[in-house]
$ cat start.txt   # compact mmCIF, C-alpha atoms (C1' of nucleotides)
# COMPACT_ATOMS: atom_id res chain seq x y z
CA MET A 1 125.37 115.13 -170.54
CA ALA A 2 127.85 112.36 -169.78
CA MET A 3 131.41 112.69 -170.98
CA LYS A 4 132.14 110.84 -174.18
CA ILE A 5 133.85 107.55 -173.54
CA GLN A 6 137.33 107.52 -174.96
CA THR A 7 139.52 104.75 -173.64
CA ARG A 8 138.52 101.14 -173.11
CA LYS A 9 139.34 101.52 -169.45
CA GLU A 10 136.79 104.29 -169.08
CA GLU A 11 134.27 102.09 -170.82
CA ILE A 12 134.89 99.28 -168.35
CA ILE A 13 134.46 101.65 -165.44
CA ALA A 14 131.24 103.00 -166.91
CA VAL A 15 129.77 99.53 -167.36
CA ALA A 16 130.94 98.41 -163.93
CA SER A 17 129.49 101.45 -162.20
CA GLN A 18 126.11 100.60 -163.64
CA LEU A 19 126.31 97.07 -162.23
CA PHE A 20 127.67 98.27 -158.88
CA LYS A 21 124.69 100.57 -158.65
CA GLU A 22 122.27 97.69 -159.13
CA LYS A 23 123.83 95.00 -156.93
CA GLY A 24 126.73 96.51 -155.04
CA TYR A 25 130.45 95.99 -155.59
CA SER A 26 130.78 92.62 -153.82
CA ALA A 27 127.87 91.04 -155.66
CA VAL A 28 129.28 91.92 -159.09
CA SER A 29 131.89 89.53 -160.46
CA MET A 30 134.53 90.24 -163.05
CA ARG A 31 132.68 87.80 -165.28
CA ASP A 32 129.52 89.90 -164.87
CA ILE A 33 131.35 93.01 -165.97
CA ALA A 34 132.95 91.19 -168.89
CA GLN A 35 129.65 89.74 -170.02
CA ALA A 36 128.01 93.16 -169.96
CA MET A 37 130.73 94.30 -172.34
CA GLY A 38 130.50 91.24 -174.56
CA ILE A 39 133.99 89.98 -173.77
CA LYS A 40 135.62 87.44 -171.45
CA ALA A 41 136.73 88.23 -167.91
CA ALA A 42 140.41 87.71 -168.61
CA SER A 43 140.31 90.35 -171.32
CA LEU A 44 139.52 93.01 -168.76
CA TYR A 45 143.04 92.68 -167.41
CA ASN A 46 144.50 94.17 -170.58
CA HIS A 47 143.10 97.48 -169.39
CA ILE A 48 142.97 97.39 -165.61
CA THR A 49 145.08 95.86 -162.88
CA GLY A 50 142.18 94.38 -160.91
CA LYS A 51 138.67 94.70 -159.59
CA GLN A 52 139.65 97.09 -156.83
CA GLU A 53 141.13 99.50 -159.33
CA ILE A 54 137.77 99.83 -161.05
CA LEU A 55 136.17 100.69 -157.74
CA SER A 56 138.74 103.16 -156.51
CA THR A 57 139.07 104.94 -159.84
CA LEU A 58 135.34 105.36 -159.91
CA ILE A 59 135.02 106.55 -156.32
CA LEU A 60 138.01 108.88 -156.19
CA GLU A 61 136.94 110.49 -159.45
CA VAL A 62 133.58 111.52 -158.02
CA ALA A 63 135.07 112.35 -154.62
CA HIS A 64 137.35 114.89 -156.26
CA GLU A 65 134.40 116.52 -157.96
CA PHE A 66 132.87 117.14 -154.56
CA THR A 67 136.11 118.39 -153.08
CA ASN A 68 136.72 120.76 -155.95
CA GLY A 69 133.14 121.96 -155.86
CA MET A 70 133.38 122.70 -152.16
CA ARG A 71 136.64 124.60 -152.66
CA GLU A 72 135.00 126.80 -155.27
CA VAL A 73 132.05 127.47 -152.98
CA LEU A 74 134.41 128.57 -150.21
CA GLU A 75 136.47 130.72 -152.57
CA ARG A 76 133.48 132.75 -153.67
CA GLN A 77 133.06 134.02 -150.10
CA ASN A 78 129.33 134.51 -150.22
CA SER A 79 127.07 134.55 -147.19
CA PRO A 80 126.48 131.25 -145.36
CA LEU A 81 122.99 130.93 -146.80
CA GLN A 82 124.25 131.48 -150.32
CA LYS A 83 127.01 128.94 -149.75
CA ILE A 84 124.49 126.35 -148.65
CA GLN A 85 122.42 127.02 -151.72
CA GLU A 86 125.51 126.55 -153.88
CA ILE A 87 126.35 123.26 -152.18
CA ILE A 88 122.85 121.98 -152.85
CA GLU A 89 123.23 122.93 -156.48
CA LEU A 90 126.67 121.32 -156.62
CA HIS A 91 125.26 117.99 -155.50
CA ILE A 92 122.42 118.18 -157.96
CA ASP A 93 124.80 118.93 -160.82
CA ILE A 94 127.07 116.02 -159.93
CA THR A 95 124.08 113.72 -159.56
CA VAL A 96 122.78 114.63 -162.97
CA ASN A 97 126.16 114.28 -164.67
CA ALA A 98 127.89 111.49 -162.81
CA SER A 99 125.11 109.61 -161.11
CA GLU A 100 126.65 106.20 -161.79
CA GLY A 101 129.58 106.55 -159.44
CA LEU A 102 127.50 107.84 -156.56
CA ALA A 103 126.20 104.44 -155.51
CA ALA A 104 129.73 103.09 -155.16
CA LEU A 105 130.86 106.22 -153.37
CA ASN A 106 128.06 105.92 -150.86
CA ASN A 107 127.95 102.17 -150.30
CA ASP A 108 131.17 100.52 -151.39
CA TRP A 109 134.01 102.79 -150.33
CA MET A 110 135.00 100.32 -147.59
CA HIS A 111 136.00 97.76 -150.21
CA MET A 112 138.87 99.84 -151.54
CA GLU A 113 142.46 99.24 -150.41
CA VAL A 114 143.10 100.24 -146.81
CA SER A 115 145.23 103.26 -147.71
CA GLN A 116 142.59 104.52 -150.11
CA VAL A 117 139.83 104.02 -147.57
CA GLU A 118 141.78 106.18 -145.16
CA ALA A 119 142.27 108.91 -147.75
CA PHE A 120 138.60 108.75 -148.69
CA VAL A 121 137.36 108.97 -145.11
CA GLN A 122 139.62 111.94 -144.54
CA MET A 123 138.26 113.69 -147.62
CA ARG A 124 134.72 113.05 -146.50
CA GLU A 125 135.38 114.33 -143.01
CA ASP A 126 136.98 117.47 -144.38
CA TYR A 127 134.00 118.01 -146.62
CA GLU A 128 131.57 117.61 -143.76
CA GLU A 129 133.65 119.85 -141.53
CA ASN A 130 133.60 122.60 -144.15
CA PHE A 131 129.84 122.27 -144.41
CA ARG A 132 129.48 122.26 -140.64
CA LYS A 133 131.49 125.48 -140.33
CA ILE A 134 129.24 127.20 -142.85
CA ILE A 135 126.18 126.20 -140.87
CA LYS A 136 127.69 127.32 -137.58
CA GLU A 137 128.69 130.64 -139.10
CA GLY A 138 125.16 131.07 -140.40
CA ILE A 139 123.79 130.54 -136.93
CA GLU A 140 126.28 132.97 -135.41
CA VAL A 141 125.51 135.78 -137.82
CA GLY A 142 121.78 135.21 -137.33
CA GLU A 143 120.95 133.90 -140.79
CA ILE A 144 120.08 130.40 -139.64
CA GLN A 145 117.79 129.11 -136.91
CA PRO A 146 119.64 128.02 -133.76
CA ARG A 147 119.10 124.29 -134.22
CA HIS A 148 121.72 121.65 -133.50
CA PRO A 149 124.17 122.13 -136.42
CA GLU A 150 124.67 118.40 -136.69
CA VAL A 151 120.99 117.88 -137.38
CA ILE A 152 120.92 120.50 -140.11
CA LEU A 153 124.12 119.16 -141.65
CA PHE A 154 122.89 115.61 -141.66
CA SER A 155 119.43 116.42 -143.00
CA ILE A 156 120.73 118.27 -146.00
CA LEU A 157 123.63 115.92 -146.70
CA SER A 158 121.52 112.76 -146.43
CA THR A 159 119.08 114.09 -148.93
CA LEU A 160 121.77 115.20 -151.35
CA ARG A 161 123.71 111.96 -151.08
CA THR A 162 120.76 109.76 -151.93
CA LEU A 163 119.44 111.99 -154.65
CA TYR A 164 120.90 109.61 -157.23
CA LEU A 165 118.46 106.90 -156.14
CA TRP A 166 115.62 109.09 -156.89
CA TYR A 167 116.52 111.27 -159.80
CA GLN A 168 115.71 109.71 -163.21
CA LYS A 169 113.38 107.20 -161.54
CA ARG A 170 110.75 109.91 -161.23
CA GLY A 171 110.63 110.66 -164.96
CA LYS A 172 112.74 113.64 -165.84
CA LEU A 173 112.11 116.27 -163.24
CA ASP A 174 113.60 119.48 -164.60
CA VAL A 175 116.95 120.25 -162.99
CA ASN A 176 116.16 123.88 -162.33
CA VAL A 177 112.81 123.09 -160.76
CA LEU A 178 114.55 120.51 -158.60
CA LYS A 179 117.19 123.00 -157.49
CA LYS A 180 114.61 125.63 -156.68
CA ASP A 181 112.28 123.33 -154.77
CA LEU A 182 115.03 121.57 -152.86
CA VAL A 183 116.62 124.82 -151.77
CA SER A 184 113.19 126.05 -150.80
CA VAL A 185 112.38 122.96 -148.73
CA PHE A 186 115.53 123.25 -146.69
CA LEU A 187 115.76 127.00 -146.33
CA ASP A 188 112.10 127.87 -145.87
CA GLY A 189 110.63 124.56 -144.69
CA ILE A 190 107.35 123.20 -145.86
CA VAL A 191 104.96 124.93 -143.50
CA ILE A 192 102.88 127.90 -144.54
CA LYS A 193 103.04 130.50 -141.80
CA ASN A 194 100.04 132.64 -140.91
CA MET B 1 117.01 99.36 -125.43
CA ALA B 2 117.30 96.37 -127.76
CA MET B 3 115.04 93.40 -127.23
CA LYS B 4 116.62 90.65 -125.17
CA ILE B 5 117.91 87.85 -127.32
CA GLN B 6 116.07 84.64 -126.71
CA THR B 7 116.59 82.01 -129.36
CA ARG B 8 119.85 81.07 -130.98
CA LYS B 9 118.37 82.06 -134.33
CA GLU B 10 117.74 85.59 -133.13
CA GLU B 11 121.30 85.72 -131.90
CA ILE B 12 122.61 84.74 -135.32
CA ILE B 13 120.50 87.41 -136.96
CA ALA B 14 121.69 90.02 -134.48
CA VAL B 15 125.34 89.18 -135.10
CA ALA B 16 124.84 89.01 -138.86
CA SER B 17 123.05 92.36 -139.01
CA GLN B 18 126.03 93.98 -137.37
CA LEU B 19 128.36 92.55 -140.01
CA PHE B 20 125.97 93.40 -142.86
CA LYS B 21 125.96 96.96 -141.64
CA GLU B 22 129.74 97.14 -141.81
CA LYS B 23 130.47 95.41 -145.11
CA GLY B 24 127.18 94.67 -146.83
CA TYR B 25 125.41 91.33 -147.24
CA SER B 26 127.45 90.02 -150.17
CA ALA B 27 130.79 90.73 -148.54
CA VAL B 28 129.92 88.80 -145.38
CA SER B 29 130.44 85.03 -145.55
CA MET B 30 128.78 82.39 -143.45
CA ARG B 31 132.22 81.71 -141.99
CA ASP B 32 132.46 85.37 -140.97
CA ILE B 33 129.16 85.15 -139.14
CA ALA B 34 130.12 81.85 -137.52
CA GLN B 35 133.48 83.20 -136.38
CA ALA B 36 131.82 86.24 -134.82
CA MET B 37 129.73 83.82 -132.79
CA GLY B 38 132.65 81.57 -131.88
CA ILE B 39 131.34 78.53 -133.76
CA LYS B 40 131.86 76.89 -137.16
CA ALA B 41 129.88 77.81 -140.24
CA ALA B 42 128.18 74.44 -140.56
CA SER B 43 126.71 74.84 -137.08
CA LEU B 44 124.67 77.79 -138.24
CA TYR B 45 122.52 75.46 -140.30
CA ASN B 46 121.08 73.89 -137.18
CA HIS B 47 119.15 77.12 -136.69
CA ILE B 48 118.61 78.64 -140.12
CA THR B 49 117.99 77.26 -143.58
CA GLY B 50 120.51 79.46 -145.34
CA LYS B 51 122.17 82.83 -145.71
CA GLN B 52 119.20 84.36 -147.49
CA GLU B 53 116.91 83.50 -144.60
CA ILE B 54 119.03 85.60 -142.26
CA LEU B 55 118.72 88.53 -144.63
CA SER B 56 115.02 88.29 -145.30
CA THR B 57 114.06 87.67 -141.68
CA LEU B 58 116.03 90.75 -140.73
CA ILE B 59 114.62 92.96 -143.46
CA LEU B 60 110.98 91.90 -143.29
CA GLU B 61 111.00 92.32 -139.51
CA VAL B 62 111.97 95.97 -139.78
CA ALA B 63 109.78 96.55 -142.82
CA HIS B 64 106.75 95.47 -140.83
CA GLU B 65 107.60 97.93 -138.10
CA PHE B 66 107.40 100.70 -140.65
CA THR B 67 104.19 99.42 -142.16
CA ASN B 68 102.54 99.08 -138.77
CA GLY B 69 103.75 102.49 -137.71
CA MET B 70 102.32 104.08 -140.83
CA ARG B 71 98.99 102.36 -140.29
CA GLU B 72 98.78 103.77 -136.79
CA VAL B 73 99.61 107.24 -138.03
CA LEU B 74 96.81 107.03 -140.60
CA GLU B 75 94.35 105.67 -138.04
CA ARG B 76 94.81 108.60 -135.71
CA GLN B 77 93.40 110.92 -138.40
CA ASN B 78 95.32 114.00 -137.39
CA SER B 79 96.07 116.92 -139.68
CA PRO B 80 98.61 116.37 -142.45
CA LEU B 81 101.26 118.34 -140.61
CA GLN B 82 100.76 116.34 -137.45
CA LYS B 83 100.93 113.12 -139.44
CA ILE B 84 104.26 114.14 -140.95
CA GLN B 85 105.58 114.92 -137.52
CA GLU B 86 104.49 111.49 -136.32
CA ILE B 87 106.19 109.79 -139.27
CA ILE B 88 109.43 111.57 -138.49
CA GLU B 89 109.17 110.40 -134.90
CA LEU B 90 108.35 106.88 -136.05
CA HIS B 91 111.56 106.68 -138.04
CA ILE B 92 113.60 108.04 -135.20
CA ASP B 93 112.13 105.51 -132.79
CA ILE B 94 112.83 102.60 -135.11
CA THR B 95 116.34 103.86 -135.76
CA VAL B 96 117.08 104.04 -132.06
CA ASN B 97 115.62 100.61 -131.29
CA ALA B 98 116.39 98.54 -134.37
CA SER B 99 119.22 100.36 -136.07
CA GLU B 100 121.03 97.17 -137.02
CA GLY B 101 118.54 95.97 -139.61
CA LEU B 102 118.24 99.33 -141.33
CA ALA B 103 121.45 98.98 -143.30
CA ALA B 104 120.28 95.70 -144.80
CA LEU B 105 116.83 97.12 -145.46
CA ASN B 106 118.29 100.07 -147.32
CA ASN B 107 121.14 98.44 -149.20
CA ASP B 108 120.66 94.70 -149.46
CA TRP B 109 116.98 94.08 -150.13
CA MET B 110 117.76 93.09 -153.73
CA HIS B 111 119.61 90.02 -152.51
CA MET B 112 116.53 88.39 -151.07
CA GLU B 113 114.58 85.75 -153.01
CA VAL B 114 112.75 87.12 -156.02
CA SER B 115 109.30 86.69 -154.48
CA GLN B 116 110.39 88.45 -151.32
CA VAL B 117 111.95 91.29 -153.27
CA GLU B 118 108.65 91.79 -155.02
CA ALA B 119 106.75 91.83 -151.73
CA PHE B 120 109.27 94.21 -150.24
CA VAL B 121 109.17 96.64 -153.15
CA GLN B 122 105.39 96.63 -153.00
CA MET B 123 105.47 97.41 -149.29
CA ARG B 124 107.89 100.25 -149.86
CA GLU B 125 105.83 101.70 -152.66
CA ASP B 126 102.70 101.56 -150.54
CA TYR B 127 104.51 103.29 -147.73
CA GLU B 128 105.74 106.03 -150.01
CA GLU B 129 102.33 106.41 -151.59
CA ASN B 130 100.74 106.89 -148.17
CA PHE B 131 103.31 109.51 -147.32
CA ARG B 132 102.81 111.21 -150.69
CA LYS B 133 99.07 111.42 -150.14
CA ILE B 134 99.59 113.09 -146.77
CA ILE B 135 101.83 115.69 -148.36
CA LYS B 136 99.41 116.33 -151.21
CA GLU B 137 96.55 116.69 -148.78
CA GLY B 138 98.61 119.14 -146.76
CA ILE B 139 99.17 121.25 -149.85
CA GLU B 140 95.49 121.14 -150.78
CA VAL B 141 94.26 122.28 -147.39
CA GLY B 142 96.88 125.03 -147.33
CA GLU B 143 99.06 123.71 -144.55
CA ILE B 144 102.06 123.00 -146.74
CA GLN B 145 103.92 125.12 -149.26
CA PRO B 146 103.03 124.34 -152.87
CA ARG B 147 106.32 122.67 -153.78
CA HIS B 148 106.62 119.57 -155.92
CA PRO B 149 105.31 116.84 -153.55
CA GLU B 150 107.94 114.42 -154.80
CA VAL B 151 110.72 116.75 -153.68
CA ILE B 152 109.28 117.09 -150.21
CA LEU B 153 108.67 113.35 -149.94
CA PHE B 154 112.13 112.47 -151.03
CA SER B 155 113.88 115.06 -148.85
CA ILE B 156 112.26 113.87 -145.68
CA LEU B 157 112.45 110.19 -146.50
CA SER B 158 116.11 110.27 -147.55
CA THR B 159 117.03 111.90 -144.29
CA LEU B 160 115.02 109.50 -142.20
CA ARG B 161 116.30 106.43 -144.04
CA THR B 162 119.95 107.26 -143.52
CA LEU B 163 119.54 108.43 -139.96
CA TYR B 164 121.00 105.13 -138.79
CA LEU B 165 124.36 106.12 -140.28
CA TRP B 166 124.54 109.22 -138.13
CA TYR B 167 122.90 108.36 -134.92
CA GLN B 168 125.29 106.84 -132.36
CA LYS B 169 128.29 108.01 -134.39
CA ARG B 170 127.70 111.55 -133.19
CA GLY B 171 127.93 110.65 -129.52
CA LYS B 172 124.51 110.13 -128.11
CA LEU B 173 122.36 112.96 -129.33
CA ASP B 174 119.31 112.99 -127.09
CA VAL B 175 116.34 111.41 -128.84
CA ASN B 176 113.89 114.14 -127.91
CA VAL B 177 116.23 116.91 -129.00
CA LEU B 178 116.73 115.04 -132.26
CA LYS B 179 113.00 114.71 -132.82
CA LYS B 180 112.36 118.35 -132.05
CA ASP B 181 115.17 119.68 -134.21
CA LEU B 182 114.49 117.37 -137.14
CA VAL B 183 110.80 118.23 -137.19
CA SER B 184 111.73 121.88 -136.96
CA VAL B 185 114.22 121.68 -139.83
CA PHE B 186 111.68 120.17 -142.18
CA LEU B 187 108.59 122.05 -141.14
CA ASP B 188 110.04 125.50 -140.53
CA GLY B 189 113.25 125.36 -142.57
CA ILE B 190 116.54 126.74 -141.40
CA VAL B 191 116.18 130.37 -142.42
CA ILE B 192 115.32 133.09 -139.94
CA LYS B 193 112.67 135.31 -141.50
CA ASN B 194 112.62 139.05 -140.95
C1' DA C 1 152.38 92.83 -197.98
C1' DC C 2 154.68 93.18 -193.42
C1' DA C 3 155.35 94.51 -188.84
C1' DC C 4 153.63 95.89 -184.60
C1' DA C 5 150.73 97.00 -180.97
C1' DA C 6 146.18 96.58 -178.95
C1' DA C 7 142.80 93.66 -177.37
C1' DA C 8 140.59 89.64 -177.62
C1' DC C 9 140.77 84.54 -176.66
C1' DT C 10 141.37 79.59 -174.04
C1' DA C 11 142.85 77.27 -170.15
C1' DA C 12 143.96 76.94 -165.80
C1' DC C 13 145.48 78.21 -160.93
C1' DG C 14 144.50 78.43 -156.00
C1' DT C 15 140.86 80.34 -152.88
C1' DT C 16 136.67 81.15 -151.09
C1' DT C 17 131.85 80.48 -151.35
C1' DG C 18 127.23 78.36 -149.52
C1' DT C 19 125.83 74.18 -148.23
C1' DT C 20 125.27 69.00 -147.00
C1' DA C 21 126.27 64.60 -144.60
C1' DG C 22 127.47 62.25 -140.88
C1' DT C 23 128.85 62.30 -136.08
C1' DA C 24 129.96 63.48 -131.25
C1' DA C 25 129.07 66.14 -126.88
C1' DG C 26 125.81 68.05 -123.55
C1' DG C 27 121.57 68.58 -121.13
C1' DT C 28 116.85 67.19 -120.13
C1' DT C 29 113.04 63.91 -119.94
C1' DT C 30 111.36 59.30 -119.22
C1' DA D 1 120.17 54.29 -117.18
C1' DA D 2 118.09 54.83 -121.56
C1' DA D 3 116.16 57.71 -124.99
C1' DC D 4 116.05 62.14 -126.87
C1' DC D 5 116.65 66.72 -128.38
C1' DT D 6 119.72 70.48 -129.14
C1' DT D 7 123.80 72.11 -130.77
C1' DA D 8 128.18 71.75 -131.80
C1' DC D 9 131.83 69.40 -134.64
C1' DT D 10 134.84 67.49 -138.93
C1' DA D 11 135.03 66.68 -143.67
C1' DA D 12 133.83 67.40 -147.95
C1' DC D 13 131.19 68.93 -152.16
C1' DA D 14 130.47 71.59 -156.44
C1' DA D 15 130.34 76.11 -157.95
C1' DA D 16 132.00 80.67 -158.33
C1' DC D 17 135.62 83.82 -157.38
C1' DG D 18 139.82 87.05 -158.88
C1' DT D 19 143.64 86.53 -161.42
C1' DT D 20 147.72 84.79 -164.44
C1' DA D 21 149.99 82.79 -168.53
C1' DG D 22 150.30 82.02 -173.04
C1' DT D 23 148.23 82.46 -177.60
C1' DT D 24 145.46 84.17 -181.43
C1' DT D 25 142.84 87.71 -183.65
C1' DT D 26 142.20 92.46 -185.20
C1' DG D 27 143.28 96.86 -186.78
C1' DT D 28 146.79 100.54 -188.18
C1' DG D 29 150.96 102.49 -190.03
C1' DT D 30 154.80 101.70 -193.14
$ encode --input "start.txt" --output "structure tokens"
Amino acid sequence: MAMKIQTRKEEIIAVASQLFKEKGYSAVSMRDIAQAMGIKAASLYNHITGKQEILSTLILEVAHEFTNGMREVLERQNSPLQKIQEIIELHIDITVNASEGLAALNNDWMHMEVSQVEAFVQMREDYEENFRKIIKEGIEVGEIQPRHPEVILFSILSTLRTLYLWYQKRGKLDVNVLKKDLVSVFLDGIVIKN
Amino acid sequence: MAMKIQTRKEEIIAVASQLFKEKGYSAVSMRDIAQAMGIKAASLYNHITGKQEILSTLILEVAHEFTNGMREVLERQNSPLQKIQEIIELHIDITVNASEGLAALNNDWMHMEVSQVEAFVQMREDYEENFRKIIKEGIEVGEIQPRHPEVILFSILSTLRTLYLWYQKRGKLDVNVLKKDLVSVFLDGIVIKN
DNA sequence: ACACAAAACTAACGTTTGTTAGTAAGGTTT
DNA sequence: AAACCTTACTAACAAACGTTAGTTTTGTGT
């Protein structure tokens, strides 16, 4: 369930995120956003300072959800395998609830202001480093197969990051089924052993 | 090893694909491309008919590599599991050899002409449908775990499609190690069974 | 009914966009 | 040396861009 829209600014960001998802940030004009809201472009500036603010608000909002989610996973101090399962579920939950911002986060982060790009890249690297440590720990304690950690990290993260492209297109796959199957694919693989 | 550049048109497309990868098609101007080549924007039009032609040439080139690769996989008539392994290797090979066009193919296909978008989407759907059939067949003959085929399809394909973002950033992972580990992650999973 | 703030409007600005026209420089063929 | 491509150039175009200024409409509280 999406959060109820309260302010006009949030409404603009919601409409814009939809358009960004379809065509990308650079291909969406302020006039496009305004038209989608039934107003004129100049009117947008009563609520926001500029186009870049729409983008960065949108991206940093979702980025913080990931950062907070990761912090909670680490705080619970479960086993590496359980942590990985929780991260998979975290991504699925965010995708289901905030899927609009994910396209911008994945594809348009480089169009924010320079200082914000730097902060974003740092956040993303920290996130990946946390994930990498969990995988390495799992290998060390013998829970995870001794594959190149980078390959495992990238396989899981790629899938989770592009989930938004896929969810809702394939008519309403149940969230819990998705969680179960996705965890199963990554943890157990797809092969049936004899 | 990238193919040696022969015509001036190919050179333009090579330079443009690099820029598209960094900022996206819409954020790259003809003047940007020209400057990267050390000439003026108007000079580009001696070799190409317009900006969209650069994009569609680039995208359709790579798309055909995938289509041809899939056809060869199907022709060899191996077992479903072997076919999946070959598809994974196909993507890795294309990523290593033609990584520049993959960003445009993934993110900017909607900026082609309408008729080309339609052709592209059809090609992509056919490709996915072929892959889906392989997975379903694998489940039927008992080679693959009875998970939702869509989840398996999407997991593998998401990873393969965004491989270009990772490869070469993570300093020169050996191609054969990558193939082996990636196949292993998807087929066998990451868990060590007792 | 009046005042005030929120949010819309029109009009315009300076840039940047993709692209075209016309032309000059260089190399190769005749 | 003349003719001819190829490929670059300058100059300019109309359209679209993000954004600002100033003004009018709309809704709410007094």
$ interface_residues --input "start.txt" --of "chain B" --to "chain D" --cutoff "8 Å" --atoms "only C-alpha atoms (C1' of nucleotides)" --output "ChimeraX atom specification"
/B:39-40,43,46
$ residues_around --input "start.txt" --residues "Ile139 of chain A" --least-positions-apart "5" --cutoff "10 Å" --atoms "only C-alpha atoms (C1' of nucleotides)" --output "mmCIF file with C-alpha atoms, in the frame of the given file"
data_model
loop_
_atom_site.group_PDB
_atom_site.id
_atom_site.type_symbol
_atom_site.label_atom_id
_atom_site.label_comp_id
_atom_site.auth_asym_id
_atom_site.auth_seq_id
_atom_site.Cartn_x
_atom_site.Cartn_y
_atom_site.Cartn_z
ATOM 1 C CA PRO A 80 126.480 131.250 -145.360
ATOM 2 C CA LEU A 81 122.990 130.930 -146.800
ATOM 3 C CA LYS A 133 131.490 125.480 -140.330
ATOM 4 C CA ILE A 134 129.240 127.200 -142.850
ATOM 5 C CA ILE A 144 120.080 130.400 -139.640
ATOM 6 C CA GLN A 145 117.790 129.110 -136.910
ATOM 7 C CA PRO A 146 119.640 128.020 -133.760
ATOM 8 C CA ARG A 147 119.100 124.290 -134.220
ATOM 9 C CA HIS A 148 121.720 121.650 -133.500
ATOM 10 C CA PRO A 149 124.170 122.130 -136.420
ATOM 11 C CA ILE B 190 116.540 126.740 -141.400
ATOM 12 C CA VAL B 191 116.180 130.370 -142.420
ATOM 13 C CA ILE B 192 115.320 133.090 -139.940
#
$ interface_residues --input "start.txt" --of "chain A" --to "chain B" --cutoff "8 Å" --atoms "all atoms listed in the file" --output "MDAnalysis selection string"
chainID A and resid 23 26:27 107 110:111 142:145 147:148 151:152 154:156 158:159 162 166 178 181:182 185:192
$ atom_distance --input "start.txt" --atom1 "atom CA of Glu61 of chain B" --atom2 "atom CA of Ala98 of chain B"
9.7 Å
$ closest_atom_pairs --input "start.txt" --of "chain A" --to "chain C" --cutoff "12 Å" --atoms "all atoms listed in the file" --output "CSV"
residue,atom,partner,partner_atom,distance
A:Thr7,CA,C:DA6,C1',11.8
A:Arg8,CA,C:DA7,C1',9.6
A:Lys9,CA,C:DA7,C1',11.7
A:Ala34,CA,C:DA8,C1',11.7
A:Gly38,CA,C:DA8,C1',10.7
A:Ile39,CA,C:DA8,C1',7.6
A:Lys40,CA,C:DC9,C1',7.9
A:Ala41,CA,C:DC9,C1',10.3
A:Ala42,CA,C:DC9,C1',8.7
A:Ser43,CA,C:DA8,C1',6.3
A:Leu44,CA,C:DA7,C1',9.2
A:Tyr45,CA,C:DA7,C1',10.0
A:Asn46,CA,C:DA7,C1',7.0
A:His47,CA,C:DA7,C1',8.9
$ atom_distance --input "start.txt" --atom1 "atom CA of Met37 of chain B" --atom2 "atom CA of Glu11 of chain B"
8.7 Å
$ build_atoms --input "start.txt" --residues "segment 132-143 of chain B" --atoms "N, CA and C atoms" --output "PDB file, in the frame of the given file"
ATOM      1  N   ARG B 132     103.068 110.245-149.614  1.00  0.00           N
ATOM      2  CA  ARG B 132     102.810 111.210-150.690  1.00  0.00           C
ATOM      3  C   ARG B 132     101.421 111.803-150.575  1.00  0.00           C
ATOM      4  N   LYS B 133     100.457 110.952-150.257  1.00  0.00           N
ATOM      5  CA  LYS B 133      99.070 111.420-150.140  1.00  0.00           C
ATOM      6  C   LYS B 133      98.933 112.431-148.998  1.00  0.00           C
ATOM      7  N   ILE B 134      99.619 112.166-147.907  1.00  0.00           N
ATOM      8  CA  ILE B 134      99.590 113.090-146.770  1.00  0.00           C
ATOM      9  C   ILE B 134     100.127 114.454-147.188  1.00  0.00           C
ATOM     10  N   ILE B 135     101.234 114.426-147.912  1.00  0.00           N
ATOM     11  CA  ILE B 135     101.830 115.690-148.360  1.00  0.00           C
ATOM     12  C   ILE B 135     100.896 116.429-149.301  1.00  0.00           C
ATOM     13  N   LYS B 136     100.325 115.692-150.258  1.00  0.00           N
ATOM     14  CA  LYS B 136      99.410 116.330-151.210  1.00  0.00           C
ATOM     15  C   LYS B 136      98.200 116.923-150.502  1.00  0.00           C
ATOM     16  N   GLU B 137      97.680 116.192-149.535  1.00  0.00           N
ATOM     17  CA  GLU B 137      96.550 116.690-148.780  1.00  0.00           C
ATOM     18  C   GLU B 137      96.923 117.972-148.029  1.00  0.00           C
ATOM     19  N   GLY B 138      98.126 117.959-147.474  1.00  0.00           N
ATOM     20  CA  GLY B 138      98.610 119.140-146.760  1.00  0.00           C
ATOM     21  C   GLY B 138      98.697 120.359-147.662  1.00  0.00           C
ATOM     22  N   ILE B 139      99.094 120.127-148.898  1.00  0.00           N
ATOM     23  CA  ILE B 139      99.170 121.250-149.850  1.00  0.00           C
ATOM     24  C   ILE B 139      97.769 121.738-150.191  1.00  0.00           C
ATOM     25  N   GLU B 140      96.865 120.776-150.396  1.00  0.00           N
ATOM     26  CA  GLU B 140      95.490 121.140-150.780  1.00  0.00           C
ATOM     27  C   GLU B 140      94.776 121.960-149.703  1.00  0.00           C
ATOM     28  N   VAL B 141      94.946 121.553-148.462  1.00  0.00           N
ATOM     29  CA  VAL B 141      94.260 122.280-147.390  1.00  0.00           C
ATOM     30  C   VAL B 141      95.037 123.513-146.940  1.00  0.00           C
ATOM     31  N   GLY B 142      96.164 123.795-147.608  1.00  0.00           N
ATOM     32  CA  GLY B 142      96.880 125.030-147.330  1.00  0.00           C
ATOM     33  C   GLY B 142      97.778 124.993-146.103  1.00  0.00           C
ATOM     34  N   GLU B 143      98.136 123.799-145.682  1.00  0.00           N
ATOM     35  CA  GLU B 143      99.060 123.710-144.550  1.00  0.00           C
ATOM     36  C   GLU B 143     100.517 123.684-145.004  1.00  0.00           C
TER      37      GLU B 143
END
